[in-house]
Each structure stands twice: as structure tokens, then as C-alpha cells.
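One structure is given here, and the rest of the page talks about it.
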Amino acid sequence: MSRPETHRLTLDLTTDELLSTTRAVRRRLDVTRPVPREVLLDCTRLAQQAPNGRNRQRWDFVFVTDPAQRRALADLWRRGLVDPTAPQHHDGPARHAFTAQSGWQAIADSLNHLFDILDQVPVLMVPCIQVGSRAELDDPATQAGTWGSVLPAVWSFMLAARSRGLGTVWTTPHLNYERQAATLLGLPYETTVQCALIPVAWTIGTQFRPARRVPVTEVVHWDRW
Ligand SMILES: Cc1cc2nc3c(=O)[nH]c(=O)nc-3n(C[C@H](O)[C@H](O)[C@H](O)COP(=O)(O)O)c2cc1C
């Protein structure tokens, strides 16, 4: 009996392999192969299984595939990345000593590549969450409930994508021009908060390695800090 198309697209990864090899993919995004809508819908159906506050399901997923829309969104992203007036996120607490030897330089080189190709990536996904008003973003506890009700779904989407041979990378620069992006995408800025911009494409090759991370004993606390 033939298996449905969606199953044939799924890589044969164990759960632990999936969780340890879902990388930020920039250089290995295949900009030449279109991504069928059905695959994106399958990944989104899985994303919708994520936990979310009071099961209100306030998430929305905007898939930008039209070339002109992609170019316009990619331009906002590029402006957001290089804009000298945008808030600068200097690292503050970081554990770079435990990450790859090449550290930030490797990320920067890969990011430069993404900068060059972003408008050619077949799908730019903008996850959103609906709010009563943007004032909800001021209070940390409310914020935790807001982000916590959408970001797990986004990561589920990225895992589901990886399991099907698609690559993704979490990015945020276009949020420096969130209002303009809202206009471009035709979404209501005051009540819909964009969370990220996730490029989605088939990966060039399917092998990815676990990344270096801080030894678990450095980050775990038992009973008290
Ligand atoms: C909140 C957040 C923001 C990020 N912003 C960007 C970004 O703007 N551009 C980018 O190329 N990668 C971005 N990343 C991806 C990280 O650089 C990447 O996850 C990190 O270097 C670790 O690499 P790995 O996910 O392959 O292990 C972001 C990740 C997160 C979680």
C-alpha cells in the first residue's frame, strides 16, 4: 500500500536526533526548489498542537511566497539589520566561551549569506499573536503569557519542517520595521504582534550535527540558584 505524500517527505530521524540537529540554517537553504503549500500546512497543523495560554490559540502564521512581497519584506529585514538607529542588542550575559571556537564570526558570515539571499528563499513565514492591545507587552508577566502562547508553536513548526527535510532559521531584524511590515502584509498592527521572520526552504543535504552548548551542569540548578 502506498504511503501518503506527507509521510514520504519525512526524514527518518529519531526524536532525539530531531531535537539535537534542528539548526539555524542559512547557507544550506535551497533557493531553487519551491516548497509545496501542503507541506507548510502539515507543519502548521503540528505547530497548532503546542501549549498555549488557556487554549486561546491566538497565533497566526503568515506565509509570504509571492516574489514581490518577499522582496519587500526582505528589504525591511535588511534595513532592520543594518539600521544604525535600531536598538542595539549588545550581548550582555552570554556563554560564548562554551560555543563554537569560531564563535560569533561564523554566525556573522552565515548571516551575511542570508542577507544576500533572503528575498530568494521560497517562503518567509511571519508568526504572529493576537493581543487586546500593545500595552499588554509592557508587563513582564503578561508578556510571558503572550510569548509563551506562540513561541512553542513556532519551534514545533521548525521541528516539523526539519523532520521533512526543510531548513529554517529564527530571525528578528524586520521587527525594527514591524509597523511597515504590518502594512505590507495587511495585518492589524495594534492587535497583532509579529514574533519573528522564519525563512523556510528545502535544505541542501539533510545531515546536520548537534551544536556545542554549555555543559548541562553549568545551567542546571537544583532546589536553589
Ligand atoms: C530570539 C532569536 C533571535 C535570532 N535572531 C537571528 C537573526 O536575526 N538572524 C539569524 O540569522 N539568526 C538568528 N537567530 C538564530 C541564532 O543565531 C542561532 O539559533 C544560534 O546561533 C545557535 O545556532 P543553532 O540554532 O544552529 O544551534 C536567532 C535565534 C533566536 C532564538
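As shown in the C-alpha cells, the chain order sets the letters A, B, ...; within each chain, residues go from 1, and ligands are also counted from 1 in the order they appear.
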- Query: Got a sec: who's within 8 Å of A:Glu178, counting only C-alpha atoms, leaving out chain neighbours fewer than 4 positions off, as a list of chain:residue names?
  - Reply: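 Contacts, in chain order: A:His174, A:Ala182, A:Gln194.
Environment of ligand 1, defined as every protein or nucleic acid residue with an atom within 7 Å of it and counting only C-alpha atoms and all ligand atoms, comprises Thr22, Arg23, Ala24, Val25, Arg26, Ile107, Leu111, Leu114, Val169, Trp170, Thr171, Thr172, Pro173 and Ala211 of chain A.
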- Task: Identify all residues of stretch 27-175 of chain A in helix (DSSP H, G or I) (DSSP on the backbone) and supply them as a PyMOL selection string.
- Result: chain A and resi 37-47+53-55+67-82+96-98+103-120+134-137+140-147+151-163+173-175
If we count only C-alpha atoms, what is near A:Ala196 at a cut-off of 12 Å, once residues fewer than 2 positions away on the same chain are taken out, given as a short mmCIF file (atom, residue, chain, number, x, y, z; two decimals) with C-alpha atoms, in the first residue's frame?
```
data_model
loop_
_atom_site.label_atom_id
_atom_site.label_comp_id
_atom_site.auth_asym_id
_atom_site.auth_seq_id
_atom_site.Cartn_x
_atom_site.Cartn_y
_atom_site.Cartn_z
CA ASP A 60 -1.45 33.26 13.13
CA PHE A 61 1.13 32.26 10.56
CA VAL A 62 1.68 34.45 7.52
CA TRP A 77 14.58 42.87 7.19
CA LEU A 124 9.25 33.73 4.57
CA MET A 125 7.00 32.85 7.49
CA VAL A 126 5.92 35.52 9.98
CA PRO A 127 4.37 34.05 13.12
CA CYS A 128 2.02 36.42 14.94
CA ILE A 129 -0.01 36.56 18.14
CA TRP A 147 5.22 34.98 24.03
CA VAL A 150 3.11 31.43 20.42
CA LEU A 151 6.85 30.68 20.52
CA VAL A 154 6.88 28.34 16.17
CA TRP A 155 9.54 25.93 17.38
CA THR A 168 14.51 27.22 8.97
CA VAL A 169 16.21 29.96 10.97
CA TRP A 170 14.75 32.19 13.64
CA THR A 171 15.30 35.85 12.75
CA THR A 172 14.03 39.16 14.10
CA PRO A 173 15.58 42.19 12.26
CA HIS A 174 12.41 43.09 10.35
CA LEU A 175 10.71 43.78 13.71
CA ASN A 176 12.60 47.09 13.77
CA TYR A 177 10.17 47.95 10.97
CA GLU A 178 7.23 45.98 12.33
CA ALA A 181 5.75 45.06 7.71
CA VAL A 193 2.16 41.26 17.19
CA GLN A 194 4.73 39.78 14.84
CA ILE A 198 11.37 32.42 9.64
CA PRO A 199 12.88 31.68 6.22
#
```
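The residue that comes closest to A:Ala50, out of A:Trp104, A:Trp202, A:Phe157, A:Phe115 and on the basis of only C-alpha atoms, is A:Phe157.
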- Message: For the structure I just gave you, how does DSSP split stretch 139-192 of chain A - specifically, which residues are strand (DSSP E or B)? Reply as a list in words.
- Response: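 Secondary structure check on stretch 139-192 of chain A, strand (DSSP E or B): Leu166, Gly167, Thr168, Thr171 and Thr192 of chain A.
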- Query: With distances taken over only C-alpha atoms, which of A:Arg56, A:Arg27, A:Arg212, A:Arg37 is nearest to A:Gln130?
  - Reply: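 Of A:Arg56, A:Arg27, A:Arg212, A:Arg37, the one nearest A:Gln130 is A:Arg56, counting only C-alpha atoms.
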- Item | Atom pair atom CA of A:Pro215 / atom CA of A:Leu18: separation (Å) |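 A separation of 19.8 Å between them.
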- Suppose you want the space between atom CA of A:Gln49 and atom CA of A:Thr21; what is it in Å? 21.2 Å
- Query: In terms of the shortest atom-to-atom distance over only C-alpha atoms, which of A:Leu184, A:Val131, A:Val123, A:Val216 is closest to A:Gln57?
  - Reply: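 Checking each candidate against A:Gln57, we get A:Val131 as the closest.
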- Query: Which one of A:Val220, A:Leu166, A:Val39, A:Leu159 sits closest to A:Gly205 if you count only C-alpha atoms?
  - Reply: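 Smallest distance to A:Gly205 is found for A:Leu166.
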